[in-house]
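Quick look at upload30.txt (compact mmCIF, C-alpha atoms):
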```
# COMPACT_ATOMS: atom_id res chain seq x y z
CA MET E 1 126.51 70.20 11.55
CA MET E 2 128.86 72.45 9.59
CA GLY E 3 128.67 75.05 12.34
CA TRP E 4 129.63 72.45 14.93
CA LEU E 5 132.60 71.30 12.87
CA GLN E 6 133.68 74.89 12.39
CA ARG E 7 133.57 75.52 16.13
CA LEU E 8 135.63 72.38 16.74
CA GLY E 9 138.15 73.50 14.12
CA SER E 10 138.48 77.02 15.47
CA THR E 11 138.84 75.76 19.06
CA SER E 12 141.61 73.34 18.10
CA LEU E 13 143.35 76.00 16.02
CA SER E 14 143.31 78.45 18.91
CA VAL E 15 144.60 75.79 21.32
CA PHE E 16 147.51 74.98 18.99
CA GLU E 17 148.14 78.65 18.40
CA ARG E 18 148.40 79.25 22.14
CA LEU E 19 150.71 76.26 22.54
CA GLY E 20 152.91 77.59 19.76
CA ARG E 21 152.94 81.09 21.24
CA GLY E 22 153.80 79.62 24.62
CA ASN E 23 156.75 77.70 23.19
CA LEU E 24 158.07 80.66 21.20
CA PHE E 25 157.68 82.78 24.32
CA LEU E 26 159.66 80.22 26.33
CA LEU E 27 162.46 80.34 23.76
CA ARG E 28 162.58 84.12 23.97
CA VAL E 29 162.66 83.99 27.77
CA LEU E 30 165.49 81.45 27.65
CA ALA E 31 167.38 83.71 25.26
CA ALA E 32 166.93 86.59 27.72
CA LEU E 33 168.32 84.59 30.67
CA PRO E 34 172.05 85.37 30.15
CA SER E 35 171.38 89.08 30.65
CA LEU E 36 170.39 88.32 34.27
CA VAL E 37 173.96 87.44 35.20
CA ALA E 38 174.80 91.13 35.05
CA ARG E 39 171.84 92.10 37.28
CA PRO E 40 171.30 89.49 40.02
CA GLY E 41 169.43 92.08 42.09
CA LEU E 42 166.37 91.67 39.90
CA VAL E 43 166.20 87.95 40.65
CA ILE E 44 166.71 88.51 44.38
CA ALA E 45 163.80 90.95 44.49
CA GLN E 46 161.60 88.37 42.78
CA LEU E 47 162.88 85.55 45.00
CA TYR E 48 161.54 87.60 47.89
CA SER E 49 158.02 87.94 46.52
CA VAL E 50 157.86 84.46 44.97
CA GLY E 51 159.79 82.41 47.50
CA VAL E 52 160.00 84.10 50.87
CA LEU E 53 156.35 85.11 50.96
CA SER E 54 155.29 81.55 50.00
CA MET E 55 157.46 80.00 52.69
CA MET E 56 154.97 80.36 55.54
CA LEU E 57 152.15 78.76 53.57
CA ILE E 58 154.39 75.87 52.51
CA VAL E 59 155.71 75.23 56.01
CA ILE E 60 152.28 75.25 57.64
CA SER E 61 150.75 73.06 54.91
CA GLY E 62 153.67 70.65 55.09
CA LEU E 63 153.33 70.33 58.83
CA ASN E 64 149.62 69.61 58.55
CA VAL E 65 150.00 67.12 55.72
CA GLY E 66 152.73 65.30 57.65
CA MET E 67 150.60 65.15 60.79
CA VAL E 68 147.60 63.82 58.88
CA LEU E 69 149.81 61.23 57.17
CA GLY E 70 151.11 60.22 60.58
CA LEU E 71 147.60 59.75 61.98
CA GLN E 72 146.14 57.96 58.98
CA GLY E 73 149.21 55.84 58.39
CA TYR E 74 149.26 54.78 62.02
CA ASN E 75 145.62 53.73 61.95
CA THR E 76 146.26 51.55 58.89
CA LEU E 77 149.60 50.12 59.96
CA VAL E 78 148.54 49.28 63.51
CA ASP E 79 146.15 46.67 62.09
CA PHE E 80 149.15 44.78 60.74
CA GLY E 81 151.21 45.33 63.86
CA SER E 82 153.80 47.20 61.83
CA GLU E 83 153.40 50.73 63.15
CA GLU E 84 157.21 51.02 63.23
CA SER E 85 157.05 51.43 59.45
CA LEU E 86 155.26 54.74 59.96
CA GLY E 87 158.46 56.70 59.36
CA GLN E 88 159.03 54.96 56.08
CA LEU E 89 155.44 55.54 54.96
CA VAL E 90 155.46 59.22 55.86
CA ALA E 91 158.89 59.91 54.36
CA LEU E 92 158.33 58.04 51.11
CA SER E 93 154.90 59.56 50.48
CA LEU E 94 156.22 63.04 51.13
CA VAL E 95 159.54 62.83 49.32
CA ARG E 96 158.30 61.01 46.26
CA GLU E 97 154.87 62.50 45.68
CA LEU E 98 153.25 64.87 48.11
CA GLY E 99 156.20 67.21 48.59
CA PRO E 100 156.73 68.14 44.95
CA VAL E 101 153.06 67.94 43.88
CA VAL E 102 151.32 69.70 46.76
CA ALA E 103 154.07 72.31 46.97
CA ALA E 104 153.65 72.97 43.22
CA LEU E 105 149.86 73.31 43.55
CA LEU E 106 150.22 75.68 46.50
CA PHE E 107 152.95 77.53 44.61
CA ALA E 108 150.62 78.01 41.64
CA GLY E 109 147.92 79.38 43.91
CA ARG E 110 150.18 81.61 45.99
CA ALA E 111 152.94 82.79 43.65
CA GLY E 112 151.88 81.84 40.11
CA SER E 113 148.60 83.72 40.25
CA ALA E 114 150.37 86.78 41.67
CA LEU E 115 152.95 86.68 38.87
CA THR E 116 150.24 86.46 36.21
CA ALA E 117 148.19 89.26 37.72
CA GLU E 118 151.26 91.49 38.08
CA ILE E 119 152.48 90.98 34.52
CA GLY E 120 148.96 91.13 33.10
CA LEU E 121 148.30 94.45 34.85
CA MET E 122 151.65 95.79 33.66
CA LYS E 123 150.49 94.96 30.16
CA ALA E 124 147.01 96.40 30.69
CA THR E 125 148.41 99.67 32.04
CA GLU E 126 150.89 99.74 29.14
CA GLN E 127 153.94 99.62 31.35
CA LEU E 128 155.42 96.91 29.15
CA SER E 129 154.95 99.03 26.00
CA GLY E 130 156.40 101.95 27.95
CA MET E 131 159.52 99.95 28.64
CA GLU E 132 159.84 99.05 24.99
CA MET E 133 159.57 102.73 24.13
CA MET E 134 162.52 103.39 26.44
CA ALA E 135 164.48 100.58 24.72
CA VAL E 136 164.23 98.37 27.80
CA ASP E 137 163.38 94.79 26.86
CA PRO E 138 160.51 93.74 29.17
CA LEU E 139 161.48 90.11 28.64
CA LYS E 140 164.86 90.80 30.21
CA ARG E 141 163.69 93.31 32.81
CA VAL E 142 160.35 91.80 33.92
CA ILE E 143 159.76 88.27 32.67
CA ALA E 144 163.13 86.54 32.96
CA PRO E 145 163.76 87.42 36.66
CA ARG E 146 160.32 86.13 37.62
CA PHE E 147 160.80 82.95 35.62
CA VAL E 148 164.20 82.24 37.21
CA ALA E 149 162.90 83.06 40.70
CA GLY E 150 160.10 80.52 40.21
CA ILE E 151 162.53 77.82 39.09
CA ILE E 152 164.87 78.46 42.03
CA SER E 153 162.10 78.69 44.64
CA MET E 154 160.15 75.59 43.72
CA PRO E 155 162.73 72.89 44.66
CA LEU E 156 163.56 74.74 47.88
CA LEU E 157 159.89 75.02 48.81
CA ALA E 158 159.25 71.35 47.98
CA ALA E 159 162.23 70.30 50.12
CA MET E 160 160.93 72.41 53.00
CA PHE E 161 157.48 70.88 52.57
CA SER E 162 158.88 67.34 52.76
CA ALA E 163 161.23 68.06 55.65
CA VAL E 164 158.57 69.79 57.74
CA GLY E 165 156.10 67.05 56.81
CA VAL E 166 158.45 64.36 58.11
CA LEU E 167 158.77 66.34 61.34
CA GLY E 168 154.96 66.62 61.53
CA GLY E 169 154.66 62.85 61.08
CA PHE E 170 157.29 62.42 63.76
CA PHE E 171 155.42 64.65 66.24
CA VAL E 172 152.16 62.79 65.75
CA GLY E 173 153.60 59.29 65.44
CA VAL E 174 156.19 59.42 68.19
CA GLY E 175 154.83 62.17 70.41
CA LEU E 176 151.14 61.45 70.28
CA LEU E 177 150.70 57.81 69.29
CA GLY E 178 153.73 56.30 70.96
CA VAL E 179 155.64 54.80 68.03
CA ASP E 180 159.22 54.06 69.04
CA SER E 181 161.39 57.00 68.04
CA GLY E 182 164.43 54.90 67.10
CA ALA E 183 162.37 52.54 64.95
CA PHE E 184 160.68 55.52 63.26
CA TRP E 185 163.99 56.96 62.06
CA SER E 186 165.84 53.73 61.38
CA GLN E 187 163.01 52.22 59.28
CA MET E 188 162.89 55.49 57.37
CA GLN E 189 166.61 55.59 56.78
CA SER E 190 166.83 51.98 55.70
CA LYS E 191 164.10 52.33 53.10
CA VAL E 192 164.50 55.86 51.70
CA ASP E 193 167.21 55.96 49.08
CA LEU E 194 169.20 59.11 48.38
CA TYR E 195 169.21 58.68 44.61
CA ASP E 196 166.01 56.77 43.94
CA ASP E 197 163.78 58.79 46.24
CA ILE E 198 165.28 62.11 47.33
CA LEU E 199 166.99 62.99 44.05
CA ASN E 200 163.97 61.96 41.97
CA GLY E 201 161.78 64.09 44.22
CA VAL E 202 164.06 67.06 43.66
CA ILE E 203 164.04 66.46 39.89
CA LYS E 204 160.26 66.40 40.00
CA SER E 205 160.10 69.68 41.89
CA VAL E 206 162.52 71.34 39.44
CA VAL E 207 160.36 70.23 36.51
CA PHE E 208 157.21 71.44 38.26
CA GLY E 209 158.94 74.73 39.06
CA CYS E 210 159.82 75.27 35.39
CA VAL E 211 156.30 74.46 34.27
CA ALA E 212 154.57 76.54 36.94
CA ALA E 213 156.82 79.57 36.34
CA TRP E 214 156.49 79.24 32.55
CA ILE E 215 152.70 79.06 32.66
CA ALA E 216 152.47 81.95 35.13
CA VAL E 217 154.62 84.38 33.15
CA PHE E 218 153.18 83.31 29.80
CA GLU E 219 149.57 83.75 30.90
CA GLY E 220 150.44 87.20 32.23
CA TYR E 221 152.29 88.24 29.10
CA ASP E 222 149.61 86.79 26.83
CA ALA E 223 146.64 88.19 28.78
CA VAL E 224 144.02 90.29 27.04
CA PRO E 225 145.02 93.74 28.32
CA ASN E 226 141.90 94.66 30.27
CA THR E 227 140.43 93.93 33.67
CA GLU E 228 138.50 90.88 32.59
CA GLY E 229 141.42 89.49 30.59
CA VAL E 230 143.75 89.70 33.59
CA SER E 231 141.26 87.96 35.85
CA ARG E 232 140.75 85.17 33.29
CA ALA E 233 144.51 84.80 32.85
CA THR E 234 144.97 84.46 36.61
CA THR E 235 142.36 81.72 36.78
CA ARG E 236 143.92 79.96 33.79
CA THR E 237 147.33 80.01 35.47
CA VAL E 238 146.07 78.11 38.49
CA VAL E 239 143.95 75.66 36.47
CA HIS E 240 146.55 74.94 33.80
CA THR E 241 149.36 74.60 36.31
CA ALA E 242 147.31 72.10 38.29
CA PHE E 243 146.60 70.05 35.14
CA ALA E 244 150.18 70.23 33.94
CA VAL E 245 151.65 69.31 37.32
CA LEU E 246 149.33 66.36 37.89
CA GLY E 247 149.78 65.06 34.34
CA LEU E 248 153.54 65.44 34.42
CA ASP E 249 153.64 63.83 37.83
CA PHE E 250 152.09 60.67 36.45
CA ILE E 251 154.58 60.57 33.56
CA LEU E 252 157.56 61.27 35.81
CA THR E 253 156.44 58.72 38.38
CA ALA E 254 156.01 56.10 35.66
CA LEU E 255 159.51 56.85 34.38
CA MET E 256 161.19 56.99 37.80
CA PHE E 257 159.41 54.37 39.85
CA GLY E 258 157.57 52.37 37.20
CA ASP E 259 160.05 49.50 36.99
CA GLU E 260 160.00 48.63 40.66
CA MET K 1 168.07 101.18 51.45
CA MET K 2 166.81 99.67 54.67
CA GLN K 3 163.98 97.98 52.81
CA LYS K 4 166.41 96.39 50.39
CA ARG K 5 168.41 95.06 53.31
CA THR K 6 165.43 93.35 54.97
CA MET K 7 164.41 91.91 51.61
CA GLU K 8 167.85 90.48 51.05
CA ILE K 9 167.92 89.03 54.55
CA GLY K 10 164.55 87.43 53.85
CA VAL K 11 165.87 85.84 50.67
CA GLY K 12 168.95 84.67 52.55
CA VAL K 13 166.78 83.01 55.19
CA PHE K 14 164.64 81.42 52.48
CA VAL K 15 167.57 79.94 50.56
CA ALA K 16 169.29 78.78 53.77
CA ALA K 17 166.08 77.12 55.00
CA GLY K 18 165.60 75.40 51.66
CA ILE K 19 169.13 74.06 51.61
CA ALA K 20 168.85 73.02 55.26
CA ALA K 21 165.69 71.09 54.38
CA LEU K 22 167.48 69.34 51.51
CA ILE K 23 170.39 68.45 53.77
CA MET K 24 168.00 67.15 56.42
CA LEU K 25 166.24 65.00 53.83
CA ALA K 26 169.58 63.65 52.63
CA MET K 27 171.19 63.01 56.01
CA LYS K 28 168.33 62.25 58.35
CA VAL K 29 165.68 60.72 56.13
CA SER K 30 167.64 58.81 53.51
CA ASN K 31 170.41 56.28 53.75
CA LEU K 32 173.25 58.67 52.95
CA ALA K 33 175.07 57.59 56.11
CA ALA K 34 175.37 54.11 54.64
CA PHE K 35 176.94 55.52 51.48
CA THR K 36 179.83 57.28 53.13
CA ASN K 37 181.96 54.17 53.62
CA GLN K 38 181.24 52.66 50.26
CA GLN K 39 184.86 51.45 50.08
CA GLY K 40 184.97 47.75 50.64
CA TYR K 41 185.84 44.45 49.09
CA GLU K 42 183.75 41.99 47.18
CA VAL K 43 183.08 38.36 47.84
CA THR K 44 180.81 36.09 45.86
CA ALA K 45 178.58 33.22 46.87
CA ARG K 46 176.57 30.78 44.78
CA PHE K 47 173.05 29.83 45.77
CA ASP K 48 170.63 27.29 44.32
CA ASN K 49 167.77 29.66 45.03
CA ILE K 50 167.91 33.23 46.24
CA GLY K 51 164.20 33.60 47.00
CA GLY K 52 163.37 37.30 47.19
CA LEU K 53 166.92 38.63 47.64
CA LYS K 54 167.49 41.93 45.83
CA GLU K 55 170.39 44.17 45.01
CA ARG K 56 171.21 46.41 48.00
CA SER K 57 169.85 43.84 50.45
CA ALA K 58 171.79 43.71 53.70
CA VAL K 59 174.70 41.35 54.43
CA THR K 60 174.99 40.63 58.14
CA VAL K 61 177.20 38.83 60.59
CA ALA K 62 175.70 38.13 64.01
CA GLY K 63 172.77 40.34 62.98
CA VAL K 64 174.96 43.38 62.35
CA ARG K 65 174.99 44.78 58.84
CA ILE K 66 178.53 44.77 57.42
CA GLY K 67 177.76 45.18 53.73
CA ARG K 68 175.25 45.02 50.95
CA VAL K 69 174.45 42.81 47.99
CA LYS K 70 176.05 44.42 44.96
CA SER K 71 174.76 42.29 42.11
CA ILE K 72 172.89 39.09 41.45
CA VAL K 73 173.44 37.24 38.17
CA PHE K 74 172.29 33.89 36.91
CA ASP K 75 175.05 31.49 35.89
CA ASP K 76 173.60 29.41 33.08
CA LYS K 77 176.43 26.83 33.22
CA ASP K 78 175.68 25.59 36.72
CA TYR K 79 172.10 26.90 36.92
CA GLU K 80 172.95 28.81 40.07
CA ALA K 81 172.58 32.40 41.21
CA VAL K 82 175.87 34.21 41.76
CA VAL K 83 175.50 36.86 44.45
CA THR K 84 178.27 39.46 44.69
CA MET K 85 178.45 41.17 48.07
CA ASN K 86 180.27 44.34 48.99
CA ILE K 87 181.68 44.04 52.52
CA GLU K 88 182.92 47.13 54.36
CA SER K 89 186.71 47.22 54.37
CA GLN K 90 187.13 47.34 58.16
CA HIS K 91 185.51 43.87 58.38
CA ASP K 92 188.33 42.04 56.58
CA ARG K 93 188.81 39.26 59.13
CA LEU K 94 186.11 36.85 57.98
CA PRO K 95 187.42 33.25 58.05
CA ALA K 96 187.82 31.55 54.66
CA ASP K 97 185.25 28.88 55.54
CA THR K 98 182.53 31.41 56.34
CA SER K 99 179.11 30.15 55.30
CA ALA K 100 176.31 32.24 53.82
CA SER K 101 172.59 31.69 54.11
CA ILE K 102 169.61 33.70 52.94
CA LEU K 103 167.22 34.47 55.77
CA THR K 104 164.08 36.51 56.19
CA ALA K 105 163.75 39.37 58.65
CA GLY K 106 160.60 38.59 60.59
CA LEU K 107 157.74 36.63 59.10
CA LEU K 108 156.97 38.97 56.21
CA GLY K 109 160.16 41.03 56.19
CA GLU K 110 162.65 41.27 53.41
CA GLN K 111 165.43 38.80 52.82
CA TYR K 112 169.08 39.28 53.64
CA VAL K 113 172.34 37.33 53.54
CA ALA K 114 173.57 36.12 56.91
CA LEU K 115 177.24 35.14 57.11
CA GLU K 116 178.31 32.62 59.72
CA PRO K 117 182.07 32.75 60.48
CA GLY K 118 183.82 29.39 60.49
CA GLY K 119 187.00 28.37 62.30
CA ASP K 120 189.58 28.72 59.56
CA GLU K 121 192.84 30.53 60.33
CA ALA K 122 192.99 32.08 56.86
CA PHE K 123 190.75 35.03 56.03
CA LEU K 124 188.48 35.57 53.04
CA LYS K 125 190.35 37.56 50.40
CA PRO K 126 188.83 40.34 48.29
CA GLY K 127 187.17 38.67 45.33
CA GLY K 128 187.01 35.41 47.26
CA ASP K 129 184.28 32.86 47.04
CA ILE K 130 182.07 31.61 49.87
CA LYS K 131 181.82 27.84 49.42
CA LEU K 132 179.22 26.91 52.01
CA THR K 133 175.83 28.37 51.16
CA GLN K 134 172.29 27.70 52.16
CA SER K 135 169.50 28.78 49.85
CA ALA K 136 166.49 30.83 50.76
CA ILE K 137 163.62 28.98 52.33
CA ILE K 138 160.65 29.05 50.00
CA LEU K 139 157.48 29.12 52.06
CA GLU K 140 155.43 27.18 49.51
CA LYS K 141 157.98 24.35 49.44
CA MET K 142 158.01 24.25 53.22
CA VAL K 143 154.24 24.10 53.42
CA GLY K 144 154.24 21.37 50.78
CA GLN K 145 156.89 19.42 52.69
CA PHE K 146 154.97 19.86 55.93
CA LEU K 147 151.73 18.62 54.43
CA PHE K 148 153.55 15.64 52.87
CA ASP K 149 155.20 14.74 56.17
CA LYS K 150 151.93 15.19 57.99
CA ALA K 151 150.15 12.87 55.55
CA ALA K 152 152.95 10.30 55.77
CA GLY K 153 153.11 10.60 59.57
CA GLY K 154 149.32 10.28 59.89
CA ASP K 155 149.37 7.05 57.84
CA GLY K 156 152.20 5.69 59.97
CA LYS K 157 150.27 6.27 63.18
CA LYS K 158 147.19 4.60 61.80
CA GLU K 159 149.18 1.53 60.83
CA GLU K 160 150.83 1.44 64.25
CA GLY K 161 147.43 1.72 65.91
CA ALA K 162 146.02 -1.06 63.71
CA ALA K 163 148.93 -3.50 64.21
CA PRO K 164 148.46 -4.70 67.79
```
What would the structure in this file look like if it were written as structure tokens?
Amino acid sequence: MMGWLQRLGSTSLSVFERLGRGNLFLLRVLAALPSLVARPGLVIAQLYSVGVLSMMLIVISGLNVGMVLGLQGYNTLVDFGSEESLGQLVALSLVRELGPVVAALLFAGRAGSALTAEIGLMKATEQLSGMEMMAVDPLKRVIAPRFVAGIISMPLLAAMFSAVGVLGGFFVGVGLLGVDSGAFWSQMQSKVDLYDDILNGVIKSVVFGCVAAWIAVFEGYDAVPNTEGVSRATTRTVVHTAFAVLGLDFILTALMFGDE
Amino acid sequence: MMQKRTMEIGVGVFVAAGIAALIMLAMKVSNLAAFTNQQGYEVTARFDNIGGLKERSAVTVAGVRIGRVKSIVFDDKDYEAVVTMNIESQHDRLPADTSASILTAGLLGEQYVALEPGGDEAFLKPGGDIKLTQSAIILEKMVGQFLFDKAAGGDGKKEEGAAP
């Protein structure tokens, strides 16, 4: 009994300790951000590996999700004789929910895990300590550019996901299933609001971008510096980002759309 | 050096594509086009019952949307709903005796305000009031009325049949 209680206590303590370390780490990263203004090249290099290389995955996934939404939505709506609302259904689902959430999950798998593994290996091979020896702050040189690149990439990727998804829904709905093209766009435009839907979707994706980038760089920086530690940290990045994104999505949705 | 150049081009393409996607979402998917001529004038109308009318519902004349409902408040002196509508400024030639009614688009569609121009020489002024209004049709009331009429009508026929 005592042993069980002790295990519970030590587990909770370590969870809180990690949360505290994560928050202190975030503060230090935020403090290191101003130094990036002098060296934008670092961020651009990271934007390439975080954003550009994720673009293909996001575009293809978005197209597929949009096409599936078009097919499934059509099959449901045609029962009510309101297949013209397909555009509205596809656009609202993508802009409000699927765009930010699925893009964030894919982002965690594609870019977040790579960030963690890269930083974790830098730590394991003592490159980070080497930098400190040369009076280069690894937070400014390594962590902050990756963090900023994640935050910039995420909203852009989510917007691409939604836009390509709407096109995918359009191809299937109008091209394949014969929904009227004018009705598709006009129903969509009359029901999708710039502030309520598009802007809230962008806010969501910015929040998810911050969380995903924070978790990815923290797990890398906090990894146990050996092979096994890096592999565990990479797994944790994907799992924790998924939990955080889905949990935050519920809270944000309740705040943004709850009163409708 | 060459590698840096391709990398920077890649980032440029990425950022441009992301911004293009945002612009497409704003222009093509959402109702931004309806926001551009937000300038207009306001008229109010009082209804006994607004049914399911909401803020931002359409205001139409002859089926064409010329404005949107700006606000709906309850006037607790007259127990009426006061609907403020924002009409686009190029449509400033509505006669002063224009009437407003709340209709439903399709059987299950959403409700909107339909304006019916009258024959007055004078035009509605900004901030003006629409005097002639017709409330929303509440389906339950109509069904109730129909059943009542049916019952009354059925009795009448029976009596007529029994009389001769």
Exercise. Give the residues of chain E that lie within 6 Å of chain K; count only C-alpha atoms, and format the answer as a PyMOL selection string.
Key: chain E and resi 48+52+156+159-160+163+189-190+192-194
Quiz item: Quick one: distance from atom CA of Asn86 of chain K to atom CA of Val43 of chain K in Å, one decimal?
Solution: 6.7 Å
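Atom CA of Glu116 of chain K is positioned 6.4 Å from atom CA of Val61 of chain K.
Across the model, the gap from atom CA of Phe184 of chain E to atom CA of Asn200 of chain E is 22.5 Å.
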Quiz prompt | Spatial neighbours of Asp222 of chain E, 10 Å, only C-alpha atoms, chain gap at least 3 places, as a PyMOL selection string | solution = chain E and resi 18+21-22+25+116+119-120+123+217-219+225+229-230+233
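The shortest atom-to-atom distance to Phe170 of chain E, with only C-alpha atoms taken into account, belongs to E:Gln88 out of E:Gln88, E:Ser35, E:Ser113, E:Ser82.
Every residue within 9 Å of the file position (161.4, 30.7, 52.4), judged by all atoms listed in the file, is given as Gly51, Gly52, Ile102, Leu103, Thr104, Ser135, Ala136, Ile137, Ile138, Leu139, Glu140, Lys141 and Met142 of chain K.
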Quiz prompt | Within 9 Å of segment 91-107 of chain E using only C-alpha atoms, minus same-chain residues under 5 positions, as a ChimeraX atom specification | solution = /E:50-51,54,57-58,61-62,65-66,69,86,112-113,150,154-155,157-163,165-166,169,188,191-192,197-198,200-202,204-206,208-209,212,238,241-242,245-246,249,253 /K:25,29-30
Find the smallest box with edges along x, y and z containing every listed atom of segment 82-96 of chain K, then add 4 Å on each side and report centre and edge lengths in Å to one decimal, as lines of an AutoDock Vina configuration file.
```
center_x = 182.2
center_y = 39.4
center_z = 50.4
size_x = 21.3
size_y = 23.8
size_z = 25.4
```
Quiz prompt | Sphere at (171.1, 43.2, 50.2), radius 7 Å, counting only C-alpha atoms: residues as JSON, numbers by chain | solution = {"K": [53, 54, 55, 56, 57, 58, 59, 68, 69, 112, 113]}
Would you put the residues from that selection into a file with C-alpha atoms, as a compact mmCIF listing (two decimals), in the coordinates of the input?
```
# COMPACT_ATOMS: atom_id res chain seq x y z
CA LEU K 53 166.92 38.63 47.64
CA LYS K 54 167.49 41.93 45.83
CA GLU K 55 170.39 44.17 45.01
CA ARG K 56 171.21 46.41 48.00
CA SER K 57 169.85 43.84 50.45
CA ALA K 58 171.79 43.71 53.70
CA VAL K 59 174.70 41.35 54.43
CA ARG K 68 175.25 45.02 50.95
CA VAL K 69 174.45 42.81 47.99
CA TYR K 112 169.08 39.28 53.64
CA VAL K 113 172.34 37.33 53.54
```
Quiz prompt | Close residues, Gly119 of chain K itself excluded, 9 Å, all atoms listed in the file, min 6 positions apart in chain, as a PyMOL selection string | solution = chain K and resi 95-98
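Here the question is which of K:Ala45, K:Ala62, K:Val82, K:Ile72 gets nearest to Leu132 of chain K using all atoms listed in the file, and that residue is K:Ala45.
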Quiz prompt | Close residues, Leu77 of chain E itself excluded, 12 Å, only C-alpha atoms, min 5 positions apart in chain, as a PyMOL selection string | solution = chain E and resi 69-72+82-90+173+179
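Comparing the minimum interatomic distances between Gln90 of chain K and each of K:Tyr41, K:Thr60, K:Ala122, K:Phe74, counting only C-alpha atoms, we find that K:Tyr41 sits nearest.
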